[in-house]
file entry.cif (mmCIF, C-alpha atoms)
data_data
#
loop_
_atom_site.label_atom_id
_atom_site.label_comp_id
_atom_site.auth_asym_id
_atom_site.auth_seq_id
_atom_site.Cartn_x
_atom_site.Cartn_y
_atom_site.Cartn_z
CA MET A 1 87.59 61.18 46.58
CA SER A 2 85.54 63.66 48.64
CA THR A 3 81.84 64.26 48.01
CA ALA A 4 82.64 67.92 47.41
CA LEU A 5 85.18 67.05 44.70
CA ASP A 6 82.65 64.70 43.08
CA SER A 7 80.17 67.58 43.03
CA LEU A 8 82.72 69.92 41.45
CA LEU A 9 83.61 67.36 38.79
CA ASP A 10 79.91 67.07 37.98
CA LEU A 11 79.79 70.85 37.49
CA LEU A 12 82.68 70.66 35.04
CA ASP A 13 81.05 67.85 33.06
CA LEU A 14 79.00 70.15 30.85
CA GLU A 15 75.90 69.04 28.97
CA GLN A 16 76.24 69.41 25.20
CA ILE A 17 72.93 70.73 23.85
CA GLU A 18 74.01 71.45 20.27
CA GLN A 19 77.21 71.50 18.24
CA ASP A 20 79.57 73.92 20.02
CA ILE A 21 76.90 74.83 22.60
CA PHE A 22 77.09 73.56 26.17
CA ARG A 23 75.11 74.06 29.36
CA GLY A 24 76.38 74.13 32.94
CA SER A 25 74.93 74.61 36.40
CA SER A 26 76.37 76.35 39.47
CA ARG A 27 77.06 75.71 43.12
CA SER A 28 76.42 77.99 46.08
CA ALA A 29 79.17 80.48 46.95
CA LEU A 30 80.08 82.69 49.87
CA VAL A 31 78.58 85.67 48.04
CA PRO A 32 75.25 85.57 46.13
CA ARG A 33 76.79 85.21 42.69
CA VAL A 34 78.49 82.52 40.65
CA PHE A 35 82.12 81.99 41.65
CA GLY A 36 84.34 83.36 38.87
CA GLY A 37 86.71 80.39 38.92
CA GLN A 38 83.79 78.08 38.19
CA VAL A 39 82.70 80.05 35.11
CA ALA A 40 86.29 80.22 33.82
CA ALA A 41 86.81 76.48 34.32
CA GLN A 42 83.52 75.58 32.66
CA ALA A 43 84.26 77.85 29.70
CA LEU A 44 87.65 76.17 29.27
CA VAL A 45 85.95 72.76 29.35
CA ALA A 46 83.61 73.92 26.59
CA ALA A 47 86.52 75.22 24.50
CA GLY A 48 88.57 72.06 25.03
CA ARG A 49 85.76 69.80 23.89
CA THR A 50 85.87 71.36 20.43
CA VAL A 51 89.63 71.03 19.92
CA PRO A 52 90.82 68.73 17.07
CA ALA A 53 91.81 65.18 17.92
CA ASP A 54 95.58 65.80 17.85
CA ARG A 55 95.15 68.43 20.57
CA SER A 56 92.54 66.64 22.69
CA PRO A 57 93.14 64.93 26.06
CA GLY A 58 95.19 61.77 25.76
CA SER A 59 96.02 62.27 22.09
CA ARG A 60 99.69 62.97 22.65
CA MET A 61 102.12 62.46 25.51
CA ASN A 62 105.27 64.34 26.32
CA SER A 63 108.32 63.06 28.15
CA SER A 64 106.71 63.25 31.58
CA GLY A 65 103.62 61.34 30.50
CA GLU A 66 101.24 64.29 30.67
CA ASP A 67 100.04 67.02 28.34
CA PRO A 68 99.20 70.61 29.41
CA LEU A 69 96.71 70.84 26.52
CA ALA A 70 95.80 74.53 26.72
CA HIS A 71 98.74 76.94 26.72
CA SER A 72 96.87 80.17 27.53
CA LEU A 73 93.54 81.76 28.33
CA HIS A 74 92.36 85.36 28.55
CA ALA A 75 88.99 86.17 30.07
CA TYR A 76 86.70 89.02 31.10
CA PHE A 77 84.00 88.85 33.76
CA LEU A 78 81.18 90.99 32.33
CA ARG A 79 78.24 90.55 34.71
CA MET A 80 77.53 88.79 37.98
CA GLY A 81 76.33 85.25 37.38
CA ASP A 82 73.04 84.01 38.84
CA PRO A 83 73.74 80.77 40.77
CA GLY A 84 70.10 79.73 40.41
CA ALA A 85 70.08 79.70 36.61
CA PRO A 86 71.88 77.52 34.04
CA ILE A 87 74.78 78.99 32.08
CA VAL A 88 74.97 78.45 28.33
CA TYR A 89 78.45 78.36 26.77
CA SER A 90 78.72 79.08 23.06
CA VAL A 91 82.03 78.20 21.40
CA ASP A 92 83.35 79.94 18.30
CA ARG A 93 86.00 77.95 16.41
CA ILE A 94 88.20 80.92 15.54
CA ARG A 95 91.15 79.00 14.09
CA ASP A 96 92.52 75.51 13.61
CA GLY A 97 96.12 75.98 12.52
CA ARG A 98 98.95 73.50 12.06
CA SER A 99 100.36 74.14 15.54
CA PHE A 100 97.78 76.30 17.33
CA THR A 101 94.04 76.17 17.82
CA THR A 102 92.07 79.17 19.07
CA ARG A 103 88.61 79.19 20.62
CA ARG A 104 86.33 81.97 21.83
CA VAL A 105 83.65 81.19 24.40
CA VAL A 106 80.76 83.38 25.53
CA ALA A 107 78.81 82.44 28.67
CA VAL A 108 75.19 83.61 28.66
CA GLN A 109 72.50 83.85 31.33
CA HIS A 110 69.04 85.41 31.00
CA GLY A 111 69.88 86.40 27.43
CA GLN A 112 72.97 88.42 28.36
CA PRO A 113 76.69 87.58 28.23
CA ILE A 114 78.24 87.28 31.69
CA PHE A 115 81.72 86.06 30.72
CA HIS A 116 84.01 85.97 27.70
CA LEU A 117 87.04 83.72 27.24
CA SER A 118 89.64 83.24 24.54
CA ALA A 119 91.78 80.11 24.81
CA SER A 120 94.66 78.79 22.73
CA PHE A 121 95.82 75.20 22.39
CA GLN A 122 99.08 73.91 20.93
CA THR A 123 100.39 70.65 19.60
CA TYR A 124 103.40 69.46 21.60
CA GLU A 125 106.85 70.48 20.40
CA ASP A 126 110.38 70.77 21.79
CA GLY A 127 111.96 74.19 22.25
CA LEU A 128 114.17 76.48 24.31
CA GLU A 129 113.87 75.89 28.04
CA HIS A 130 114.34 78.11 31.10
CA GLN A 131 112.24 79.21 34.07
CA ALA A 132 112.18 81.44 37.15
CA GLU A 133 113.41 79.66 40.26
CA MET A 134 110.79 78.44 42.72
CA PRO A 135 110.71 80.60 45.88
CA ALA A 136 111.23 79.11 49.32
CA ALA A 137 108.13 77.70 50.99
CA PRO A 138 107.48 75.26 53.85
CA ASP A 139 106.32 71.70 53.31
CA PRO A 140 102.54 71.86 52.75
CA GLU A 141 101.99 68.89 55.06
CA THR A 142 103.23 71.02 57.97
CA LEU A 143 100.58 73.73 57.41
CA PRO A 144 97.05 73.74 58.87
CA THR A 145 94.08 72.73 56.74
CA ALA A 146 91.16 75.11 56.20
CA ALA A 147 89.12 73.25 58.83
CA GLU A 148 91.95 73.74 61.33
CA MET A 149 92.77 77.35 60.43
CA LEU A 150 89.48 79.12 59.76
CA PRO A 151 87.84 78.73 63.21
CA ARG A 152 90.74 80.69 64.72
CA TYR A 153 89.42 83.80 62.97
CA ALA A 154 85.70 83.32 63.54
CA ASP A 155 85.46 86.60 65.47
CA ARG A 156 86.81 88.53 62.45
CA PHE A 157 84.07 87.48 60.05
CA SER A 158 80.88 89.33 59.17
CA GLY A 159 78.54 86.60 60.39
CA PRO A 160 78.43 83.53 62.64
CA ASP A 161 78.10 81.08 59.76
CA VAL A 162 80.98 82.41 57.61
CA VAL A 163 83.48 79.80 58.82
CA ASP A 164 81.18 76.93 57.86
CA ARG A 165 80.40 78.55 54.50
CA LEU A 166 84.08 79.11 53.72
CA ILE A 167 84.94 75.52 54.60
CA GLU A 168 82.06 74.26 52.45
CA ALA A 169 83.02 76.51 49.51
CA ARG A 170 86.59 75.14 49.52
CA ALA A 171 85.83 71.53 50.47
CA ALA A 172 86.82 70.18 47.05
CA VAL A 173 90.30 71.64 47.40
CA ASP A 174 92.91 71.28 50.14
CA LEU A 175 94.17 74.88 50.30
CA ARG A 176 96.76 75.81 52.93
CA TYR A 177 98.10 79.31 53.65
CA VAL A 178 101.84 79.65 54.25
CA ASP A 179 101.34 82.85 56.29
CA ALA A 180 98.26 84.34 57.93
CA PRO A 181 95.53 85.16 55.38
CA PRO A 182 94.19 88.74 55.04
CA PHE A 183 91.43 88.13 57.57
CA GLY A 184 94.08 87.02 60.07
CA THR A 185 95.91 90.37 60.13
CA VAL A 186 93.12 92.94 59.77
CA GLY A 187 94.43 96.45 60.39
CA GLU A 188 98.06 95.43 59.91
CA PRO A 189 99.34 96.33 56.43
CA ARG A 190 102.19 94.12 55.29
CA GLU A 191 104.13 93.15 52.18
CA PRO A 192 101.68 92.55 49.29
CA ARG A 193 102.68 88.94 48.84
CA SER A 194 100.92 85.69 49.67
CA GLN A 195 101.63 81.99 49.25
CA VAL A 196 99.26 79.04 49.40
CA TRP A 197 99.69 75.36 48.63
CA PHE A 198 96.74 73.59 47.02
CA ARG A 199 95.63 70.27 45.56
CA THR A 200 92.27 68.63 45.03
CA ASN A 201 90.81 66.61 47.89
CA GLY A 202 91.11 63.36 45.98
CA LYS A 203 92.72 61.87 42.87
CA LEU A 204 91.68 62.97 39.41
CA ALA A 205 91.50 61.01 36.17
CA ASP A 206 94.50 61.15 33.82
CA ASP A 207 92.81 63.79 31.66
CA PRO A 208 95.09 66.80 30.98
CA LEU A 209 92.15 69.13 30.28
CA LEU A 210 90.64 68.27 33.67
CA HIS A 211 93.82 69.21 35.54
CA VAL A 212 94.14 72.50 33.64
CA CYS A 213 90.49 73.35 34.31
CA MET A 214 90.81 72.48 38.00
CA ALA A 215 93.83 74.78 38.36
CA THR A 216 91.84 77.49 36.58
CA TYR A 217 89.05 77.03 39.13
CA VAL A 218 91.40 77.39 42.11
CA SER A 219 93.34 80.31 40.61
CA ASP A 220 90.45 82.70 41.30
CA MET A 221 90.25 81.88 45.02
CA THR A 222 93.15 83.83 46.53
CA LEU A 223 94.91 85.90 43.85
CA LEU A 224 93.69 89.27 45.11
CA ASP A 225 94.68 88.48 48.71
CA SER A 226 97.97 90.32 48.22
CA VAL A 227 96.07 93.51 47.33
CA LEU A 228 94.26 93.29 50.67
CA LEU A 229 97.45 92.57 52.60
CA ALA A 230 99.05 95.82 51.44
CA HIS A 231 96.25 97.79 53.11
CA GLY A 232 95.48 95.66 56.15
CA ARG A 233 92.07 94.72 54.80
CA GLY A 234 90.44 91.43 55.72
CA GLY A 235 88.43 90.80 52.59
CA TRP A 236 84.94 89.91 51.48
CA ALA A 237 84.28 87.56 54.42
CA VAL A 238 85.20 90.31 56.89
CA GLY A 239 83.19 92.95 55.05
CA ASP A 240 85.79 95.74 54.98
CA VAL A 241 86.05 95.65 51.18
CA VAL A 242 83.74 94.78 48.32
CA GLY A 243 85.02 93.46 45.04
CA ALA A 244 84.82 91.19 42.04
CA SER A 245 87.10 89.80 39.37
CA LEU A 246 87.36 91.90 36.21
CA ASP A 247 89.71 89.95 33.98
CA HIS A 248 91.91 86.88 34.27
CA ALA A 249 94.80 85.52 32.23
CA MET A 250 96.74 82.26 32.55
CA TRP A 251 99.67 80.70 30.70
CA PHE A 252 100.27 76.96 31.10
CA HIS A 253 103.98 76.29 30.72
CA ARG A 254 104.63 72.73 31.84
CA PRO A 255 102.72 69.57 32.74
CA PHE A 256 101.24 69.32 36.22
CA ARG A 257 98.60 67.45 38.17
CA ALA A 258 96.02 69.39 40.16
CA ASP A 259 95.71 66.47 42.59
CA GLU A 260 99.35 66.92 43.64
CA TRP A 261 100.68 69.85 45.67
CA LEU A 262 101.08 73.13 43.77
CA LEU A 263 102.58 76.31 45.25
CA TYR A 264 100.64 79.47 44.37
CA ASP A 265 103.11 82.35 44.84
CA GLN A 266 101.15 85.63 44.58
CA GLU A 267 101.89 89.34 44.77
CA SER A 268 100.27 92.68 43.97
CA PRO A 269 102.35 95.31 42.12
CA SER A 270 99.58 97.94 42.06
CA ALA A 271 96.20 99.11 43.30
CA SER A 272 94.50 102.30 42.10
CA GLY A 273 91.22 103.65 40.80
CA GLY A 274 89.16 101.11 42.73
CA ARG A 275 91.06 98.24 41.10
CA GLY A 276 93.78 95.91 42.34
CA LEU A 277 96.20 93.80 40.30
CA GLY A 278 97.45 90.38 41.31
CA GLN A 279 100.13 88.34 39.57
CA ALA A 280 101.36 84.89 40.45
CA ARG A 281 103.36 81.83 39.52
CA ILE A 282 102.28 78.28 40.24
CA TYR A 283 104.99 75.67 40.82
CA THR A 284 104.91 71.91 41.20
CA GLN A 285 106.31 70.60 44.47
CA ASP A 286 109.54 69.56 42.73
CA GLY A 287 110.12 73.13 41.50
CA ARG A 288 108.82 73.23 37.93
CA LEU A 289 107.08 76.47 36.88
CA ALA A 290 103.71 75.22 35.68
CA ILE A 291 101.50 78.31 35.32
CA THR A 292 101.64 82.09 35.30
CA VAL A 293 98.48 84.00 36.35
CA ILE A 294 97.50 87.67 36.23
CA GLN A 295 94.17 89.07 37.42
CA GLU A 296 92.66 92.50 37.98
CA GLY A 297 89.66 92.98 40.20
CA VAL A 298 87.44 95.67 41.67
CA VAL A 299 88.57 96.35 45.24
CA ARG A 300 86.50 99.06 46.95
CA VAL A 301 86.19 100.24 50.52
CA PRO A 302 82.47 100.34 51.49
CA ARG A 303 81.08 103.80 52.08
#
call {"tool": "encode", "arguments": {"input": "entry.cif", "output": "structure tokens"}}
result
Amino acid sequence: MSTALDSLLDLLDLEQIEQDIFRGSSRSALVPRVFGGQVAAQALVAAGRTVPADRSPGSRMNSSGEDPLAHSLHAYFLRMGDPGAPIVYSVDRIRDGRSFTTRRVVAVQHGQPIFHLSASFQTYEDGLEHQAEMPAAPDPETLPTAAEMLPRYADRFSGPDVVDRLIEARAAVDLRYVDAPPFGTVGEPREPRSQVWFRTNGKLADDPLLHVCMATYVSDMTLLDSVLLAHGRGGWAVGDVVGASLDHAMWFHRPFRADEWLLYDQESPSASGGRGLGQARIYTQDGRLAITVIQEGVVRVPR
């Protein structure tokens, strides 16, 4: 396991300071604010730790030996997080039903809410089964790693240290672009669609909540790329747009492991009013639809 992944796992291991109240810290990011995927993952950890025993990690197993645990989350990013201050997560036990459990989590810094999440958990049951077919994509092992790919675009970035900072920010995750990223085709608008393969840089424990939270963390990294592609913009690291996540929703359909290759197939159906929408499906390498993701973010051209 990489040192960076160890550090990320430490971030997700929240300190419980009171019943239903947890505290987390942050890591440095490319921009001077808390990375949204980190806050979402930590909030889901806090919610999951209050779920009844029959819906907790390891309490039940389905036919593939894993349990997706959470089946959906809906979140709003309210204020920029301060990476130098702790984040307090307060969990509200909205409902414990026979099949579904609902939790609401508010993340607070400096006395103000910065993030709000609602998450739902379900006991395992059989049901109707169908899914969208996995799109074509190359073998992830044939694609360049971040350390191999990013230096090629060093002259596109807004500063001389951006490559190193990007590599450091993504060191816990092996994330590989299928096609050139937005900063690789600046000034060349193209189809608003992007694919990346990802997995953690090391094996994870057999804890379903951990795998769901890790996928939540990664889901905020590249989802708005397709918005940028449609307009030939390079992104935050290039400096030709400014932006931030506004809201984020995920549905967990089938079991998966975040330490095995997952295909993140992303597209943008719309951008308007200073906002861009991204939607995506995440597939396991053997073609199972594991997760659906939708996110809207602020995407503005600097004046």
call {"tool": "resolve_selection", "arguments": {"input": "entry.cif", "expression": "the PyMOL selection byres ((chain A and resi 144) around 12)", "output": "PyMOL selection string"}}
result
chain A and resi 138-143+145-152+174-180+196-198
call {"tool": "write_last_selection", "arguments": {"input": "entry.cif", "atoms": "C-alpha atoms", "output": "short mmCIF file (atom, residue, chain, number, x, y, z; two decimals), keeping the file's coordinate frame"}}
result
data_model
loop_
_atom_site.label_atom_id
_atom_site.label_comp_id
_atom_site.auth_asym_id
_atom_site.auth_seq_id
_atom_site.Cartn_x
_atom_site.Cartn_y
_atom_site.Cartn_z
CA PRO A 138 107.48 75.26 53.85
CA ASP A 139 106.32 71.70 53.31
CA PRO A 140 102.54 71.86 52.75
CA GLU A 141 101.99 68.89 55.06
CA THR A 142 103.23 71.02 57.97
CA LEU A 143 100.58 73.73 57.41
CA THR A 145 94.08 72.73 56.74
CA ALA A 146 91.16 75.11 56.20
CA ALA A 147 89.12 73.25 58.83
CA GLU A 148 91.95 73.74 61.33
CA MET A 149 92.77 77.35 60.43
CA LEU A 150 89.48 79.12 59.76
CA PRO A 151 87.84 78.73 63.21
CA ARG A 152 90.74 80.69 64.72
CA ASP A 174 92.91 71.28 50.14
CA LEU A 175 94.17 74.88 50.30
CA ARG A 176 96.76 75.81 52.93
CA TYR A 177 98.10 79.31 53.65
CA VAL A 178 101.84 79.65 54.25
CA ASP A 179 101.34 82.85 56.29
CA ALA A 180 98.26 84.34 57.93
CA VAL A 196 99.26 79.04 49.40
CA TRP A 197 99.69 75.36 48.63
CA PHE A 198 96.74 73.59 47.02
#
call {"tool": "resolve_selection", "arguments": {"input": "entry.cif", "expression": "the PyMOL selection byres ((chain A and resi 113) around 12)", "output": "list of chain:residue names"}}
result
A:Val39, A:Tyr76, A:Phe77, A:Leu78, A:Arg79, A:Met80, A:Gly81, A:Asp82, A:Ile87, A:Val88, A:Tyr89, A:Ser90, A:Val105, A:Val106, A:Ala107, A:Val108, A:Gln109, A:His110, A:Gly111, A:Gln112, A:Ile114, A:Phe115, A:His116, A:Leu117
call {"tool": "resolve_selection", "arguments": {"input": "entry.cif", "expression": "the PyMOL selection byres ((chain A and resi 3-6) around 6)", "output": "PyMOL selection string"}}
result
chain A and resi 2+7-9+171-172
call {"tool": "atom_distance", "arguments": {"input": "entry.cif", "atom1": "CA of Gln285 (chain A)", "atom2": "CA of Trp261 (chain A)"}}
result
5.8 Å
call {"tool": "residues_near_point", "arguments": {"input": "entry.cif", "point": "(79.0, 75.9, 25.6)", "cutoff": "12 Å", "atoms": "all atoms listed in the file", "output": "PyMOL selection string"}}
result
chain A and resi 12-25+39-50+86-93+103-109+115-117
call {"tool": "closest_residue", "arguments": {"input": "entry.cif", "among": "A:Leu11, A:Leu277, A:Ile282, A:Ala136", "to": "Leu263 (chain A)", "atoms": "all atoms listed in the file"}}
result
A:Ile282
